[in-house]
Amino acid sequence: MKGVTTYIYRDFIRWIRYRVGVVSALVLPAAWLLFVGCALPVTFTGNYLDFITPGILVMTILTAGIASGSLLMFDKILGYLNKFLAMPVPRESILVGKILFISIRGLLQATIILVIAVLIGATLMTPLQYGLVYLILFLFGVFISSFSTTVALYLEEHDSFAAFSAMVTMPLFFTSSALMPYDAMPGWLSAIAHVNPLSFAIDAIRDVGAGSIPAVPILLLLIVTAVVVVCAGYVFRKVTI
Amino acid sequence: MTSILADNLTKKFGDLYAVDSLNLAVEKEIFGLLGPNGSGKTTTVLMLTTLLAQTTGTASICGHDTRREPDLVRECISYVPQEMAVDPNLTGRENLLIFARLYGIPNPKDKVDELLGIMELTDRAHDLAKTYSGGMRRRLELAEALVHEPEVIFLDEPTLGLDVGARQNIWQHIHALNKKGMTIFMTTHYMDEADKYCDRVGIISHGKVVALGSPAELKARLMNTVITVTLEGNYSPVQLDGLVFVGQSGNAYAFTAENGSEALPLLADALGRAGNRVKAMSLREPSLDDVFLQSVGKQEEPRGFEEMKFRMMLHRRH
Ligand SMILES: Nc1ncnc2c1ncn2[C@@H]1O[C@H](COP(=O)(O)OP(=O)(O)OP(=O)(O)O)[C@@H](O)[C@H]1O
Ligand SMILES: [Mg+2]
């Protein structure tokens, strides 16, 4: 536990030390929301802002989660990771530290999006609904960041990781249900969107917004995330360079 | 107890034996692993610090097997890698504090201030590590390695790229640590340093240990005196009783003899008769350089250009 908090402490000071990093993390998602939510002249549904917000939220968490691997890659190239791996601190705490830092930072970004969404006309939800949204986003964040951190552990170059992240982020986003409802999609897209993990989180958040409690999706997300985290933890414990 | 024990430790990368059947027993001493580029020094250190799995053989640190009980091994070692690895975007103090917390030191802040003092970094403690000079970064790394008072400390080329003063400074620290009862395992390219500070050295070439012993023993094996001859043009070999050709570096050729001052005129004659153009000759006590030259010979790196190595070189430049 000591290890986890120390790793988070380190990533946190590294993050807030550079204003560009803070600004880009906090302003970018807001800009996305304003641009896509207000400027795009589309009307698939009644309140497009209510429709698009879950997509932007999940997209933000996806980008944040992928950045987790990028942080690890940096330590690896610096030679810093080797030092950590040669320490008696349980090696999983490196992973858990990254996951928590990234997920907390992601939820901070999500908060900004939620506030702005309401300010520009999205429907205000109940505290329970917000709680569920945060839960879904948190699980999804843990899922993505443990995955990307483990990928980074095995990749040699920062360039390969950048390629991996580009290969994952944009295609996932555009083939998900983020931007339009399934029935507005062409058949092939709808088929892909239905199996896209991003849609899964987005749809769950939309269900919350519509007033239901998506117990089954949340449970599934919990199980999948737990499996990925346990596997990643095992990999970290055993890894040699 | 033996601090470091390696038994037929071998690491293969594809067909290349980076480390080949290494046998080693290191006690509470300063042990230096010497070898040319690509001879397997870093690979050895990585295996001993549990970071790399060996292909065959075993290794144990303080009685704990590196593969079966890696956690126990990590408890009693510190490792300072070849490339400088401090977080450039944190201050020196923050860097150190993170290590103290990770090792679970009771009063991390006090310990950190104490170590900053020992390593003479107190007045720069609040500057970002990226503003540090190479020597300061090395001292910071050494401080990081010392927060938990390890039994064995692994230093991969701790003095690489430092000026004479900084090297001496690092060595004084290393010496003091050994006096306090720590085992030091280090690699270096600098023969004079190894000669002066190491209790024992091992010379490694193509992954194999080719000489092992105290610097004095190794030099004694080379007989009493070294005659260095500087030639103009090519060397045509000569044979003389009691004279041994050691090796060549540039156009300087080294020989050893039981009694150098008697052998010198004989050698001069013989060289002249064989058609060599002698520019200069000198007599001196053997140094570890001569031992190195003789056991390693003139050799190429095992492979030509390697991307991995190139990147490591880039790191070193910082
Ligand atoms: N990950 C790797 N994959 C393939 N070959 C490797 C790898 N790491 C090291 N080698 C090779 O193993 C050999 C030994 O390398 P090592 O880094 O141990 O040498 P070294 O003695 O530390 O050299 P230097 O003095 O340049 O640091 C070299 O030929 C190197 O190219
Ligand atoms: Mg090396």
# chains A, B, ... in the order shown; residues from 1 in each chain; ligands from 1
>>> interface_residues(of="chain B", to="chain A", cutoff="6 Å", atoms="only C-alpha atoms", output="list in words")
Leu51, Leu52, Asp71, Arg74, Glu75, Ala85 and Leu102 of chain B
>>> write_last_selection(atoms="N, CA and C atoms", output="PDB file, in the first residue's frame")
ATOM      1  N   LEU B  51      16.663  -9.129 -12.473  1.00  0.00           N
ATOM      2  CA  LEU B  51      15.936  -8.454 -13.548  1.00  0.00           C
ATOM      3  C   LEU B  51      15.891  -9.275 -14.830  1.00  0.00           C
ATOM      4  N   LEU B  52      16.817 -10.194 -14.970  1.00  0.00           N
ATOM      5  CA  LEU B  52      16.898 -10.983 -16.196  1.00  0.00           C
ATOM      6  C   LEU B  52      16.979 -12.451 -15.784  1.00  0.00           C
ATOM      7  N   ASP B  71      12.089 -11.970  -4.118  1.00  0.00           N
ATOM      8  CA  ASP B  71      11.721 -10.922  -3.169  1.00  0.00           C
ATOM      9  C   ASP B  71      12.766 -10.777  -2.064  1.00  0.00           C
ATOM     10  N   ARG B  74      15.779  -9.074  -3.436  1.00  0.00           N
ATOM     11  CA  ARG B  74      15.570  -7.629  -3.596  1.00  0.00           C
ATOM     12  C   ARG B  74      15.620  -6.897  -2.262  1.00  0.00           C
ATOM     13  N   GLU B  75      15.283  -7.606  -1.173  1.00  0.00           N
ATOM     14  CA  GLU B  75      15.377  -6.995   0.155  1.00  0.00           C
ATOM     15  C   GLU B  75      16.809  -6.584   0.484  1.00  0.00           C
ATOM     16  N   ALA B  85      19.677   6.962 -14.195  1.00  0.00           N
ATOM     17  CA  ALA B  85      18.235   6.874 -14.085  1.00  0.00           C
ATOM     18  C   ALA B  85      17.746   7.596 -12.842  1.00  0.00           C
ATOM     19  N   LEU B 102       9.427   4.140  -0.657  1.00  0.00           N
ATOM     20  CA  LEU B 102       9.231   2.815  -1.249  1.00  0.00           C
ATOM     21  C   LEU B 102       9.885   1.733  -0.390  1.00  0.00           C
TER      22      LEU B 102
END
>>> select_by_dssp(residues="chain A", states="alpha helix (DSSP H)", output="NGL selection string")
:A and (2-16 or 19-34 or 48-78 or 80-85 or 92-119 or 127-154 or 158-174 or 187-195 or 197-209 or 215-238)
>>> residues_around(residues="segment 256-260 of chain B", least_positions_apart="5", cutoff="8 Å", atoms="only C-alpha atoms", output="ChimeraX atom specification")
/B:222-227,242-246,283
>>> write_last_selection(atoms="all heavy atoms", output="CSV table (one decimal), in the first residue's frame")
chain,number,residue,atom,x,y,z
B,222,LEU,N,52.1,-11.8,-14.0
B,222,LEU,CA,52.7,-11.3,-15.3
B,222,LEU,C,54.2,-11.1,-15.2
B,222,LEU,O,54.8,-10.5,-16.0
B,222,LEU,CB,52.1,-10.0,-15.6
B,222,LEU,CG,50.9,-9.9,-16.5
B,222,LEU,CD1,50.5,-8.5,-16.9
B,222,LEU,CD2,51.1,-10.7,-17.8
B,223,MET,N,54.8,-11.7,-14.1
B,223,MET,CA,56.2,-11.5,-13.8
B,223,MET,C,56.5,-10.1,-13.5
B,223,MET,O,55.6,-9.2,-13.3
B,223,MET,CB,57.0,-12.0,-15.0
B,223,MET,CG,56.8,-13.4,-15.2
B,223,MET,SD,58.1,-14.1,-16.2
B,223,MET,CE,57.5,-13.7,-17.9
B,224,ASN,N,57.8,-9.8,-13.4
B,224,ASN,CA,58.2,-8.6,-12.6
B,224,ASN,C,58.1,-7.2,-13.4
B,224,ASN,O,57.5,-6.3,-12.8
B,224,ASN,CB,59.6,-8.7,-12.1
B,224,ASN,CG,59.6,-9.8,-11.0
B,224,ASN,OD1,58.5,-10.1,-10.4
B,224,ASN,ND2,60.7,-10.4,-10.8
B,225,THR,N,58.6,-7.2,-14.6
B,225,THR,CA,58.6,-5.9,-15.2
B,225,THR,C,58.0,-5.9,-16.6
B,225,THR,O,58.0,-7.0,-17.3
B,225,THR,CB,60.1,-5.4,-15.4
B,225,THR,OG1,61.0,-6.3,-14.8
B,225,THR,CG2,60.3,-4.0,-14.8
B,226,VAL,N,57.5,-4.8,-17.0
B,226,VAL,CA,56.9,-4.7,-18.3
B,226,VAL,C,57.8,-3.8,-19.1
B,226,VAL,O,58.3,-2.7,-18.7
B,226,VAL,CB,55.5,-4.1,-18.2
B,226,VAL,CG1,55.0,-3.9,-19.6
B,226,VAL,CG2,54.6,-5.0,-17.4
B,227,ILE,N,58.1,-4.3,-20.3
B,227,ILE,CA,58.9,-3.4,-21.2
B,227,ILE,C,58.0,-3.0,-22.4
B,227,ILE,O,57.4,-3.8,-23.0
B,227,ILE,CB,60.1,-4.2,-21.8
B,227,ILE,CG1,60.9,-4.8,-20.7
B,227,ILE,CG2,60.9,-3.3,-22.8
B,227,ILE,CD1,62.0,-5.7,-21.3
B,242,GLY,N,62.8,-16.2,-21.6
B,242,GLY,CA,62.4,-15.5,-20.4
B,242,GLY,C,61.6,-14.2,-20.8
B,242,GLY,O,61.3,-13.4,-19.9
B,243,LEU,N,61.3,-14.0,-22.0
B,243,LEU,CA,60.6,-12.8,-22.5
B,243,LEU,C,59.2,-13.2,-23.0
B,243,LEU,O,59.1,-14.1,-23.8
B,243,LEU,CB,61.4,-12.1,-23.5
B,243,LEU,CG,60.8,-10.7,-23.9
B,243,LEU,CD1,61.4,-9.7,-22.9
B,243,LEU,CD2,61.2,-10.3,-25.3
B,244,VAL,N,58.2,-12.5,-22.5
B,244,VAL,CA,56.8,-12.9,-23.0
B,244,VAL,C,56.2,-11.7,-23.6
B,244,VAL,O,56.2,-10.6,-23.1
B,244,VAL,CB,56.0,-13.4,-21.8
B,244,VAL,CG1,54.6,-13.8,-22.3
B,244,VAL,CG2,56.6,-14.5,-21.0
B,245,PHE,N,55.6,-12.0,-24.8
B,245,PHE,CA,54.9,-10.9,-25.4
B,245,PHE,C,53.5,-10.8,-24.8
B,245,PHE,O,52.8,-11.8,-24.7
B,245,PHE,CB,54.8,-11.2,-26.9
B,245,PHE,CG,53.9,-10.2,-27.7
B,245,PHE,CD1,54.3,-8.9,-27.8
B,245,PHE,CD2,52.7,-10.6,-28.2
B,245,PHE,CE1,53.5,-8.0,-28.5
B,245,PHE,CE2,51.9,-9.7,-28.9
B,245,PHE,CZ,52.3,-8.4,-29.1
B,246,VAL,N,53.1,-9.6,-24.4
B,246,VAL,CA,51.8,-9.5,-23.7
B,246,VAL,C,50.7,-9.0,-24.6
B,246,VAL,O,49.6,-9.6,-24.6
B,246,VAL,CB,51.9,-8.5,-22.5
B,246,VAL,CG1,50.6,-8.3,-21.8
B,246,VAL,CG2,53.0,-8.9,-21.5
B,283,LEU,N,60.7,0.9,-19.3
B,283,LEU,CA,60.5,-0.1,-18.3
B,283,LEU,C,59.5,0.3,-17.2
B,283,LEU,O,59.6,1.5,-16.9
B,283,LEU,CB,61.9,-0.3,-17.6
B,283,LEU,CG,62.8,-1.4,-18.1
B,283,LEU,CD1,64.0,-1.3,-17.1
B,283,LEU,CD2,62.2,-2.7,-18.1
>>> residues_near_ligand(ligand="ligand 2", cutoff="8 Å", atoms="only C-alpha atoms and all ligand atoms", output="list in words")
Asn37, Gly38, Gly40, Lys41, Thr42, Thr43, Gln82, Asp156, Glu157 and Thr187 of chain B
>>> decode(residues="segment 153-173 of chain B", atoms="C-alpha atoms", output="CSV table (one decimal), in the first residue's frame")
chain,number,residue,atom,x,y,z
B,153,ILE,CA,25.2,-3.0,-3.8
B,154,PHE,CA,25.5,-3.4,-7.6
B,155,LEU,CA,27.0,-0.6,-9.5
B,156,ASP,CA,27.1,-0.8,-13.3
B,157,GLU,CA,29.9,1.5,-14.4
B,158,PRO,CA,29.4,4.1,-11.6
B,159,THR,CA,32.2,6.4,-12.7
B,160,LEU,CA,31.5,6.4,-16.5
B,161,GLY,CA,31.8,9.8,-18.0
B,162,LEU,CA,32.8,11.6,-14.8
B,163,ASP,CA,35.9,13.8,-14.4
B,164,VAL,CA,38.8,12.7,-12.3
B,165,GLY,CA,37.7,14.6,-9.2
B,166,ALA,CA,34.1,13.3,-9.4
B,167,ARG,CA,35.4,9.7,-9.9
B,168,GLN,CA,37.6,10.0,-6.9
B,169,ASN,CA,34.7,11.3,-4.9
B,170,ILE,CA,32.5,8.4,-5.9
B,171,TRP,CA,35.2,6.0,-5.0
B,172,GLN,CA,35.6,7.5,-1.6
B,173,HIS,CA,32.0,6.9,-1.0
